[in-house]
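Notes follow once the structure below has been shown.
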Amino acid sequence: MSLQVTDLSVDHGAIRAINKITFRVETGELAAVIGANGSGKTTLLRALSGLNRSAQGSAKWKDFELLHTKPELLVRRGVSHVSEGKSVIPELSVEENLSLGALWRHDRAGSLQMRDKLLEHFPRLAERLKQSADTLSGGERQMLAICRALMSQPELLLLDEPSLGLAPLMVAQIFQNIRDLTTTMGLTVILVEQNAMSALKVADIGIVLNLGSIAASGPAKSLIADPQVRAAYLGY
Amino acid sequence: MYQFINTVLIGITSGAIYSLMAIALVLVWRSTRVVNFAQAGMALLSTYIGYECIQRFHSFWLALFIAMIAGAGIAAAVDSVFMRTLFRRVSHGPIAGVAPIIATLGLLGLIRAGLGLFVGNADVSIRPPVSNIGYTISGHTLAFSPLKLVIVSSAMTLMLALSLLFSKTNIGLSLRASAFSPEIARLAGVKVDRVRTLGWAIAGAAGAAAGILQTPNGTGALSPDSLDFSLLLVFGFIAAVIGGLDSLLGAVLGGLLLGLVLAFVLTYISGSLVFITAFVLLIIVLLVRPQGIIGMNRGRRA
Amino acid sequence: MHKIKSTNFTRLLFFIVLGVGLFLLGNRVDELRVYQGATLAMYVIAISSIILLTGYSGQVSLGHGAMLAIGGYAAALAHEHLGLPIWICFSIAVLAAAAAGAVLGTAAARLSGPYLAGTTLALAVGLPSIANQFPILGGEQGLLFDVGAPPARLGADFTQYKWYFWIAALAALIAIWWLQNILRSRYGRMWRAVRGNEVAAELAGIHIGKSKTLAFTVSSGLAGLAGGVLAMTISTVSPSAFPLSLSFSLLTGAVLAGVSTLSGVIIGALTLVATPEIADAISRRLGNSENVTTNLPGLLVSALLILVVLLVPNGPVEQWRKFRARSLHEVTHR
Ligand SMILES: Nc1ncnc2c1ncn2[C@@H]1O[C@H](COP(=O)(O)OP(=O)(O)OP(=O)(O)O)[C@@H](O)[C@H]1O
Ligand SMILES: [Mg+2]
């Protein structure tokens, strides 16, 4: 029971953004994917969530092939993706963004219950339910985006740079939230991050991408300790 | 004074019809980024179906209902068969940007000529459900009649129903989400392709209603090459542009505004200036306020 | 494959030879064909005006018939009220339509496809009501436009239609020659740059808005000339001479010609001339019922438009060129 990615390659026209990568994430683990700009992190997540359907190789989640499946069907298989940038719909209210994530379940009571549970974790959103999403601050939007994904009650959560544009304090808080969610809800999380150090600190395992290939991977603690990784990706 | 009230009522009546057409155009524009010029043809076809129903079952209301269902079906078929093929085949190249425009225009021509082939080009007339003799208020006979009252209230009811559908239901939420941000909607589990077709279907129903209501509002005559349907399309387009092309509320307001302005021109200046006024209004809005009267400040150039 | 770079002179020579060829041809065919020849020339001008607009500047006009109407009415007015010679009337047709195009183009340049498309469509739909508005335009009847009999020195058996054909063909040759030159000039390069990539063109210092307005103006001027020629061949201008279906036909012709190059323009024009005849033949087969005769031409044109957009969106000429390039490639790489 795990996410098993084998020989995954993704091309953007003539550019090979992901080149034959293989890795494995056990259920319940939080995996941090780090790497420089343009190293293929976003491309990897978009292939896993079905947004990019031109990928080759295989990516199996609990023996179900993720590649070449439409994102709206993958959601029904327990895969939720918070895409790069703030993955909310600014024209809709906070409440509507949340309910959107659970529409496909056709379970109004269950969805309300889930919503209340999430709002306990994120009280700032609770105060702003009727506001339109484009009035939220960057951090609040990111929380909303994550909550929208959680409303689908996923088992595998793909997060693309949730810390983008957030103040350092906020980053720490969001990462702690993600860690808590992973533990309490038993989620498997792939966390793509520029904030390499903070991400590795909360993660179980780390995967370092470089120009579309895996440069290093292993338990997060040992990556932090690895002098080469420190020098190249963690900045000290 | 009576004339003023009368003009306002007449303006609102035809304005409500333009609003319905504008809603149809906006719905398709929002979901597909295409201005569906075939909407006039689809409305024409639905109106003929409605006409057949009136002949058979002698009920205007049943005809309106069936025509709307037919309009929805036609539009759904056009989207899921025709537009989908078009987008698959013509996704790049010098013509990709204009191909949908050209294709919907071709469809308009095809429907008009095809319909003419089957039913002929002679006028038929839609019998109004109630009298078209104007109300009399203290000796003054108004142009506003029970028929106009029926038309304006049907149009308003439909618009109210649509606005409830969009704001209060899950379907409405999916429709709005898919229109504003298809990618995020898909990530949230919305089947955007189906929702898009549904948007077309609702547009088809709204267009059909506009067609059925406008015919008795005008001369009552109906023919495949009728200028009325071309004008309905043009006025619907102008109303939609006034409202910002992206907004349903804008479409309603744009239609009512256009209807009122044209009614005043018709009553107080000259009937032959009606079209020129509408066209000048369009140019002014495009030059001065291309985002429409209530449009958000988003780019209109894409 | 190497391309022969034609100089201005050789191209001019080519057009002169083509012209002489056409004039000789005009003597050898019957009256109907001569008339169709004049119509063909009119379509060539009108279609190339749309190709310029759509293919070279990425804009689309659904109501170019309105521009033809403006040209036609301008020519007729100049002829009737000022008694000007025919070629000055045609020049006035060009100028009037170009002026209208400049106004519309200024609004259009700020807008994207659907807005311009809708606006031009509105113009074409509303044109009759505008024509009826001003008594000087003659209402439903319209105006007469009689360019006069052919000069006596051409001989007694030189028919009126042959005269129309001469004028129309000359106008078409001049228009195409001129258009080719402009497309090869810096304006042509500018339009191509804008069509290729607006952002890059803007960075290279091209004013997008001006470039588009200019394209719309030139295109409208050409359409005005076509309108003048059309009015000449039918001797009148009236709202019914410029129906909405004319705009549709022109668009169909342009799409058939392949909007990205001028080289297919004759295919588009020939198809438009042939369509009514084909429709006629079919409806005669089907027993000439009125429904069929009135609607078949429109049906054919629309069906053609849709089929071409779906099947060969870049036009058959471009498709054929690609096909040949591919097979050549295969041959040389064997
Ligand atoms: N749609 C696309 N078309 C062409 N190339 C693309 C496309 N998307 C990504 N690329 C290229 O693929 C490579 C990987 O991009 P990707 O977005 O996956 O990087 P990333 O690791 O997410 O970078 P960042 O940290 O900046 O978000 C880059 O070289 C990028 O230019
Ligand atoms: Mg990225």
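Starting from 1 in every chain, residues are counted up; chains themselves are A, B, ... following the order of the structure tokens, and ligands are numbered from 1 as listed.
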Those of range 127-289 of chain C in DSSP alpha helix (DSSP H), formatted as a PyMOL selection string: chain C and resi 127-133+160-184+186-196+198-203+208-234+244-257+265-285
Closest atom pairs, chain A residues within 9 Å of ligand 1, only C-alpha atoms and all ligand atoms, as a Markdown table:
```
| residue | atom | partner | partner_atom_place_in_ligand_line | distance |
| --- | --- | --- | --- | --- |
| A:Val10 | CA | ligand 1 | 12 (O) | 8.8 |
| A:Asp11 | CA | ligand 1 | 12 (O) | 7.7 |
| A:His12 | CA | ligand 1 | 4 (C) | 4.6 |
| A:Gly13 | CA | ligand 1 | 4 (C) | 6.5 |
| A:Ala14 | CA | ligand 1 | 4 (C) | 8.3 |
| A:Ile15 | CA | ligand 1 | 5 (N) | 6.4 |
| A:Arg16 | CA | ligand 1 | 12 (O) | 7.0 |
| A:Ala17 | CA | ligand 1 | 12 (O) | 4.5 |
| A:Ile18 | CA | ligand 1 | 14 (C) | 7.4 |
| A:Ile34 | CA | ligand 1 | 21 (O) | 8.0 |
| A:Gly35 | CA | ligand 1 | 21 (O) | 6.3 |
| A:Ala36 | CA | ligand 1 | 25 (O) | 5.8 |
| A:Asn37 | CA | ligand 1 | 26 (O) | 3.6 |
| A:Gly38 | CA | ligand 1 | 19 (O) | 3.4 |
| A:Ser39 | CA | ligand 1 | 21 (O) | 3.9 |
| A:Gly40 | CA | ligand 1 | 18 (O) | 3.1 |
| A:Lys41 | CA | ligand 1 | 21 (O) | 3.7 |
| A:Thr42 | CA | ligand 1 | 22 (O) | 3.6 |
| A:Thr43 | CA | ligand 1 | 18 (O) | 3.7 |
| A:Leu44 | CA | ligand 1 | 18 (O) | 6.4 |
| A:Leu45 | CA | ligand 1 | 18 (O) | 8.2 |
| A:Arg46 | CA | ligand 1 | 18 (O) | 8.4 |
| A:Glu84 | CA | ligand 1 | 27 (O) | 7.4 |
| A:Asp160 | CA | ligand 1 | 22 (O) | 8.0 |
| A:Glu161 | CA | ligand 1 | 27 (O) | 7.7 |
| A:Val192 | CA | ligand 1 | 22 (O) | 8.1 |
| A:Glu193 | CA | ligand 1 | 25 (O) | 7.5 |
| A:Gln194 | CA | ligand 1 | 25 (O) | 6.3 |
| A:Leu209 | CA | ligand 1 | 21 (O) | 7.9 |
| A:Asn210 | CA | ligand 1 | 21 (O) | 8.5 |
| A:Leu211 | CA | ligand 1 | 14 (C) | 7.6 |
| A:Gly212 | CA | ligand 1 | 14 (C) | 7.2 |
```
Ile176 in chain C environment, 9 Å, only C-alpha atoms, sequence neighbours closer than 4 positions dropped, as a ChimeraX atom specification: /C:44-45,48,171-172,180-181,262
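The shortest atom-to-atom distance to ligand 2, with only C-alpha atoms and all ligand atoms taken into account, belongs to A:Val82 out of A:Ala203, A:Ala145, A:Val82, A:Leu30.
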With only C-alpha atoms counted and 8 Å as the cut-off, give the residues of chain B in contact with chain A, each with its shortest interatomic distance in Å and the pair that gives it, as JSON lines.
```
{"residue": "B:Asn170", "atom": "CA", "partner": "A:Leu103", "partner_atom": "CA", "distance": 7.0}
{"residue": "B:Leu173", "atom": "CA", "partner": "A:Leu100", "partner_atom": "CA", "distance": 7.2}
{"residue": "B:Ser174", "atom": "CA", "partner": "A:Leu100", "partner_atom": "CA", "distance": 7.2}
{"residue": "B:Ala177", "atom": "CA", "partner": "A:Ile89", "partner_atom": "CA", "distance": 7.0}
{"residue": "B:Phe180", "atom": "CA", "partner": "A:Ile89", "partner_atom": "CA", "distance": 7.1}
{"residue": "B:Ser181", "atom": "CA", "partner": "A:Ile89", "partner_atom": "CA", "distance": 6.4}
{"residue": "B:Ile184", "atom": "CA", "partner": "A:Ser87", "partner_atom": "CA", "distance": 6.5}
{"residue": "B:Ala185", "atom": "CA", "partner": "A:Leu100", "partner_atom": "CA", "distance": 7.6}
{"residue": "B:Arg186", "atom": "CA", "partner": "A:Glu72", "partner_atom": "CA", "distance": 5.0}
{"residue": "B:Leu187", "atom": "CA", "partner": "A:Pro71", "partner_atom": "CA", "distance": 5.7}
{"residue": "B:Ala188", "atom": "CA", "partner": "A:Gly101", "partner_atom": "CA", "distance": 4.6}
{"residue": "B:Gly189", "atom": "CA", "partner": "A:Glu72", "partner_atom": "CA", "distance": 4.1}
{"residue": "B:Val190", "atom": "CA", "partner": "A:Glu72", "partner_atom": "CA", "distance": 5.9}
{"residue": "B:Lys191", "atom": "CA", "partner": "A:Glu72", "partner_atom": "CA", "distance": 6.0}
```
Residues of chain B within 8 Å of chain C, counting only C-alpha atoms, as a PyMOL selection string: chain B and resi 34-35+85-86+89-90+93-95+97-99+101-103+105-107+109-110+113-114+116-121+227+230-231+234+237+272-273+275-276+279+282-283+286-287+300-302
Neighbour list for range 165-178 of chain A as a ChimeraX atom specification, cut-off 8 Å, only C-alpha atoms, skip fewer than 4 positions in-chain: /A:138-139,143,182,198-199,202
Same residues, C-alpha atoms, output as a tab-separated table (two decimals), in the first residue's frame:
```
chain	number	residue	atom	x	y	z
A	138	GLY	CA	-2.27	35.03	0.51
A	139	GLY	CA	-1.91	32.76	3.52
A	143	MET	CA	-5.31	27.46	3.66
A	182	THR	CA	-0.96	13.91	7.87
A	198	SER	CA	11.45	23.84	6.53
A	199	ALA	CA	9.86	21.19	4.36
A	202	VAL	CA	8.42	18.21	8.91
```
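The residues of range 16-167 of chain B that DSSP assigns to strand (DSSP E or B) on this backbone come out as Val124, Ser125, Thr136, Ile137, His140 and Thr141 of chain B.
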Find the residues around Gln141 in chain C up to 12 Å (only C-alpha atoms counted), leave out those fewer than 2 positions away in its own chain, and share them as a PDB file with all heavy atoms, in the first residue's frame.
```
ATOM      1  N   PRO C 128     -29.654  47.303 -44.081  1.00  0.00           N
ATOM      2  CA  PRO C 128     -30.870  47.713 -44.796  1.00  0.00           C
ATOM      3  C   PRO C 128     -31.598  48.843 -44.089  1.00  0.00           C
ATOM      4  O   PRO C 128     -32.057  49.795 -44.738  1.00  0.00           O
ATOM      5  CB  PRO C 128     -31.722  46.439 -44.800  1.00  0.00           C
ATOM      6  CG  PRO C 128     -30.757  45.331 -44.649  1.00  0.00           C
ATOM      7  CD  PRO C 128     -29.629  45.861 -43.831  1.00  0.00           C
ATOM      8  N   ALA C 131     -29.864  51.989 -44.796  1.00  0.00           N
ATOM      9  CA  ALA C 131     -30.082  52.449 -46.170  1.00  0.00           C
ATOM     10  C   ALA C 131     -31.467  53.069 -46.306  1.00  0.00           C
ATOM     11  O   ALA C 131     -31.655  54.037 -47.054  1.00  0.00           O
ATOM     12  CB  ALA C 131     -29.921  51.284 -47.142  1.00  0.00           C
ATOM     13  N   ASN C 132     -32.442  52.523 -45.581  1.00  0.00           N
ATOM     14  CA  ASN C 132     -33.793  53.068 -45.673  1.00  0.00           C
ATOM     15  C   ASN C 132     -33.942  54.391 -44.949  1.00  0.00           C
ATOM     16  O   ASN C 132     -34.902  55.119 -45.153  1.00  0.00           O
ATOM     17  CB  ASN C 132     -34.794  52.062 -45.090  1.00  0.00           C
ATOM     18  CG  ASN C 132     -34.958  50.875 -46.011  1.00  0.00           C
ATOM     19  OD1 ASN C 132     -34.728  50.994 -47.210  1.00  0.00           O
ATOM     20  ND2 ASN C 132     -35.328  49.743 -45.449  1.00  0.00           N
ATOM     21  N   PRO C 135     -33.033  59.230 -47.424  1.00  0.00           N
ATOM     22  CA  PRO C 135     -33.701  59.228 -48.730  1.00  0.00           C
ATOM     23  C   PRO C 135     -32.697  59.247 -49.879  1.00  0.00           C
ATOM     24  O   PRO C 135     -32.948  58.678 -50.947  1.00  0.00           O
ATOM     25  CB  PRO C 135     -34.506  60.533 -48.718  1.00  0.00           C
ATOM     26  CG  PRO C 135     -34.554  60.978 -47.305  1.00  0.00           C
ATOM     27  CD  PRO C 135     -33.435  60.333 -46.563  1.00  0.00           C
ATOM     28  N   ILE C 136     -31.533  59.853 -49.637  1.00  0.00           N
ATOM     29  CA  ILE C 136     -30.556  59.981 -50.712  1.00  0.00           C
ATOM     30  C   ILE C 136     -30.073  58.605 -51.179  1.00  0.00           C
ATOM     31  O   ILE C 136     -29.593  58.439 -52.298  1.00  0.00           O
ATOM     32  CB  ILE C 136     -29.373  60.862 -50.243  1.00  0.00           C
ATOM     33  CG1 ILE C 136     -28.487  61.247 -51.418  1.00  0.00           C
ATOM     34  CG2 ILE C 136     -28.557  60.166 -49.181  1.00  0.00           C
ATOM     35  CD1 ILE C 136     -27.395  62.210 -51.066  1.00  0.00           C
ATOM     36  N   LEU C 137     -30.234  57.590 -50.308  1.00  0.00           N
ATOM     37  CA  LEU C 137     -29.787  56.247 -50.674  1.00  0.00           C
ATOM     38  C   LEU C 137     -30.853  55.450 -51.418  1.00  0.00           C
ATOM     39  O   LEU C 137     -30.638  54.306 -51.793  1.00  0.00           O
ATOM     40  CB  LEU C 137     -29.342  55.476 -49.430  1.00  0.00           C
ATOM     41  CG  LEU C 137     -28.171  56.107 -48.671  1.00  0.00           C
ATOM     42  CD1 LEU C 137     -27.794  55.260 -47.464  1.00  0.00           C
ATOM     43  CD2 LEU C 137     -26.965  56.293 -49.576  1.00  0.00           C
ATOM     44  N   GLY C 138     -32.023  56.036 -51.571  1.00  0.00           N
ATOM     45  CA  GLY C 138     -33.018  55.412 -52.427  1.00  0.00           C
ATOM     46  C   GLY C 138     -33.825  54.280 -51.827  1.00  0.00           C
ATOM     47  O   GLY C 138     -34.510  53.567 -52.562  1.00  0.00           O
ATOM     48  N   GLY C 139     -33.768  54.079 -50.529  1.00  0.00           N
ATOM     49  CA  GLY C 139     -34.618  53.071 -49.879  1.00  0.00           C
ATOM     50  C   GLY C 139     -34.453  51.682 -50.437  1.00  0.00           C
ATOM     51  O   GLY C 139     -33.362  51.286 -50.826  1.00  0.00           O
ATOM     52  N   LEU C 143     -30.258  52.707 -55.770  1.00  0.00           N
ATOM     53  CA  LEU C 143     -29.840  53.673 -56.786  1.00  0.00           C
ATOM     54  C   LEU C 143     -29.398  52.942 -58.035  1.00  0.00           C
ATOM     55  O   LEU C 143     -28.937  51.807 -57.986  1.00  0.00           O
ATOM     56  CB  LEU C 143     -28.658  54.497 -56.267  1.00  0.00           C
ATOM     57  CG  LEU C 143     -28.836  55.231 -54.951  1.00  0.00           C
ATOM     58  CD1 LEU C 143     -27.500  55.759 -54.467  1.00  0.00           C
ATOM     59  CD2 LEU C 143     -29.839  56.362 -55.121  1.00  0.00           C
ATOM     60  N   LEU C 144     -29.536  53.626 -59.148  1.00  0.00           N
ATOM     61  CA  LEU C 144     -28.992  53.070 -60.386  1.00  0.00           C
ATOM     62  C   LEU C 144     -27.499  53.328 -60.438  1.00  0.00           C
ATOM     63  O   LEU C 144     -27.012  54.340 -59.941  1.00  0.00           O
ATOM     64  CB  LEU C 144     -29.660  53.728 -61.591  1.00  0.00           C
ATOM     65  CG  LEU C 144     -31.076  53.246 -61.884  1.00  0.00           C
ATOM     66  CD1 LEU C 144     -31.602  53.948 -63.133  1.00  0.00           C
ATOM     67  CD2 LEU C 144     -31.087  51.736 -62.062  1.00  0.00           C
ATOM     68  N   THR C 236     -27.142  48.321 -60.230  1.00  0.00           N
ATOM     69  CA  THR C 236     -27.855  49.039 -59.165  1.00  0.00           C
ATOM     70  C   THR C 236     -27.141  48.808 -57.843  1.00  0.00           C
ATOM     71  O   THR C 236     -26.340  47.895 -57.722  1.00  0.00           O
ATOM     72  CB  THR C 236     -29.285  48.506 -58.947  1.00  0.00           C
ATOM     73  OG1 THR C 236     -29.204  47.119 -58.688  1.00  0.00           O
ATOM     74  CG2 THR C 236     -30.193  48.789 -60.098  1.00  0.00           C
ATOM     75  N   VAL C 237     -27.440  49.666 -56.882  1.00  0.00           N
ATOM     76  CA  VAL C 237     -27.132  49.320 -55.499  1.00  0.00           C
ATOM     77  C   VAL C 237     -28.425  49.395 -54.729  1.00  0.00           C
ATOM     78  O   VAL C 237     -29.205  50.327 -54.892  1.00  0.00           O
ATOM     79  CB  VAL C 237     -26.108  50.274 -54.849  1.00  0.00           C
ATOM     80  CG1 VAL C 237     -24.713  49.957 -55.316  1.00  0.00           C
ATOM     81  CG2 VAL C 237     -26.443  51.722 -55.129  1.00  0.00           C
ATOM     82  N   SER C 238     -28.673  48.385 -53.897  1.00  0.00           N
ATOM     83  CA  SER C 238     -29.857  48.395 -53.046  1.00  0.00           C
ATOM     84  C   SER C 238     -29.548  47.479 -51.873  1.00  0.00           C
ATOM     85  O   SER C 238     -28.622  46.679 -51.947  1.00  0.00           O
ATOM     86  CB  SER C 238     -31.066  47.873 -53.820  1.00  0.00           C
ATOM     87  OG  SER C 238     -30.892  46.503 -54.087  1.00  0.00           O
ATOM     88  N   PRO C 239     -30.305  47.617 -50.784  1.00  0.00           N
ATOM     89  CA  PRO C 239     -30.017  46.769 -49.623  1.00  0.00           C
ATOM     90  C   PRO C 239     -29.998  45.286 -49.993  1.00  0.00           C
ATOM     91  O   PRO C 239     -29.186  44.525 -49.472  1.00  0.00           O
ATOM     92  CB  PRO C 239     -31.173  47.081 -48.666  1.00  0.00           C
ATOM     93  CG  PRO C 239     -31.585  48.452 -49.029  1.00  0.00           C
ATOM     94  CD  PRO C 239     -31.367  48.582 -50.508  1.00  0.00           C
ATOM     95  N   SER C 240     -30.878  44.888 -50.904  1.00  0.00           N
ATOM     96  CA  SER C 240     -30.968  43.459 -51.189  1.00  0.00           C
ATOM     97  C   SER C 240     -29.779  42.953 -51.986  1.00  0.00           C
ATOM     98  O   SER C 240     -29.587  41.752 -52.121  1.00  0.00           O
ATOM     99  CB  SER C 240     -32.262  43.163 -51.952  1.00  0.00           C
ATOM    100  OG  SER C 240     -32.230  43.854 -53.179  1.00  0.00           O
ATOM    101  N   ALA C 241     -28.949  43.869 -52.530  1.00  0.00           N
ATOM    102  CA  ALA C 241     -27.755  43.421 -53.244  1.00  0.00           C
ATOM    103  C   ALA C 241     -26.656  43.015 -52.274  1.00  0.00           C
ATOM    104  O   ALA C 241     -25.689  42.377 -52.669  1.00  0.00           O
ATOM    105  CB  ALA C 241     -27.253  44.518 -54.168  1.00  0.00           C
TER     106      ALA C 241
END
```
